[in-house]
$ cat start37.cif   # mmCIF, C-alpha atoms
data_start
#
loop_
_atom_site.label_atom_id
_atom_site.label_comp_id
_atom_site.auth_asym_id
_atom_site.auth_seq_id
_atom_site.Cartn_x
_atom_site.Cartn_y
_atom_site.Cartn_z
CA MET F 268 98.89 105.34 -9.31
CA GLU F 269 98.79 102.51 -11.83
CA ASP F 270 100.32 104.76 -14.51
CA HIS F 271 103.19 105.56 -12.16
CA LEU F 272 103.69 101.84 -11.54
CA VAL F 273 103.91 101.11 -15.26
CA GLY F 274 106.35 103.99 -15.74
CA VAL F 275 108.59 102.71 -12.96
CA GLU F 276 108.52 99.21 -14.45
CA LEU F 277 109.57 100.57 -17.84
CA GLN F 278 112.39 102.59 -16.30
CA LEU F 279 113.50 99.55 -14.34
CA ASN F 280 113.62 97.37 -17.46
CA ASP F 281 115.66 100.02 -19.27
CA LEU F 282 118.16 100.34 -16.42
CA VAL F 283 118.58 96.57 -16.14
CA GLU F 284 119.37 96.38 -19.87
CA ARG F 285 121.81 99.31 -19.59
CA ARG F 286 123.51 97.68 -16.60
CA GLU F 287 123.94 94.44 -18.51
CA ARG F 288 125.50 96.30 -21.46
CA ALA F 289 127.86 98.09 -19.06
CA ARG F 290 128.78 94.76 -17.46
CA VAL F 291 129.56 93.21 -20.87
CA GLN F 292 131.68 96.25 -21.74
CA GLY F 293 133.59 95.94 -18.47
CA ARG F 294 132.42 99.33 -17.19
CA MET F 295 132.12 98.27 -13.55
CA GLU F 296 131.85 101.82 -12.24
CA ARG F 297 128.76 102.30 -14.42
CA VAL F 298 127.40 98.92 -13.30
CA GLU F 299 127.56 100.07 -9.68
CA GLU F 300 125.87 103.37 -10.49
CA LEU F 301 123.06 101.65 -12.38
CA THR F 302 122.65 99.10 -9.60
CA ARG F 303 122.00 101.92 -7.12
CA GLU F 304 119.43 103.44 -9.49
CA ILE F 305 117.77 100.04 -9.94
CA GLU F 306 117.56 99.53 -6.19
CA ALA F 307 115.91 102.94 -5.75
CA LEU F 308 113.35 102.14 -8.43
CA GLN F 309 112.66 98.74 -6.90
CA ASP F 310 111.91 100.47 -3.60
CA ASP F 311 109.60 102.91 -5.39
CA LEU F 312 107.91 100.00 -7.18
CA ALA F 313 107.28 98.19 -3.89
CA VAL F 314 105.86 101.30 -2.19
CA THR F 315 103.63 102.07 -5.16
CA ALA F 316 102.35 98.49 -5.40
CA GLU F 317 101.57 98.52 -1.68
CA ARG F 318 99.64 101.78 -2.01
CA ILE F 319 97.63 100.39 -4.92
CA ALA F 320 96.84 97.24 -2.95
CA ASP F 321 95.78 99.31 0.07
CA GLU F 322 93.48 101.44 -2.10
CA GLN F 323 91.83 98.43 -3.70
CA PHE F 324 91.48 96.29 -0.62
CA ASP F 325 90.61 98.70 2.19
CA THR F 326 87.32 97.00 2.97
CA PRO F 327 86.81 93.28 2.52
CA VAL F 328 83.92 92.38 0.27
CA ILE F 329 81.95 89.36 1.41
CA SER F 330 79.73 87.71 -1.12
CA GLU F 331 76.50 86.18 0.06
CA ASP F 332 76.44 83.84 -2.92
CA THR F 333 76.30 80.32 -1.49
CA GLY F 334 76.73 78.66 -4.85
CA SER F 335 73.20 77.21 -4.81
#

$ encode --input "start37.cif" --output "structure tokens"
Amino acid sequence: MEDHLVGVELQLNDLVERRERARVQGRMERVEELTREIEALQDDLAVTAERIADEQFDTPVISEDTGS
């Protein structure tokens, strides 16, 4: 799951850079297309992060260490 998360983050960074280049070049049609792809990856990123959090924190761990 963590590998998928890293892959999505890398793809997201790439798309953001490509969208910025398209914006600078005035290719607004491409900007819109990339924005849709970015939004889809952001949704995937959120779902994946939530799954990872759920896996890691299913059961609360209570420490009996009182600090004494």

$ closest_residue --input "start37.cif" --among "F:Asp311, F:Glu317, F:Glu299, F:Glu322" --to "Leu279 of chain F" --atoms "only C-alpha atoms"
F:Asp311

$ residues_around --input "start37.cif" --residues "Arg285 of chain F" --least-positions-apart "4" --cutoff "10 Å" --atoms "all atoms listed in the file" --output "MDAnalysis selection string"
chainID F and resid 279:281 289:291 297:298 301

$ resolve_selection --input "start37.cif" --expression "the PyMOL selection byres ((chain F and resi 271) around 12)" --output "number ranges by chain"
F: 268-270, 272-278, 308, 311-316, 318-319

$ atom_distance --input "start37.cif" --atom1 "atom CA of Ala307 of chain F" --atom2 "atom CA of Glu287 of chain F"
17.3 Å
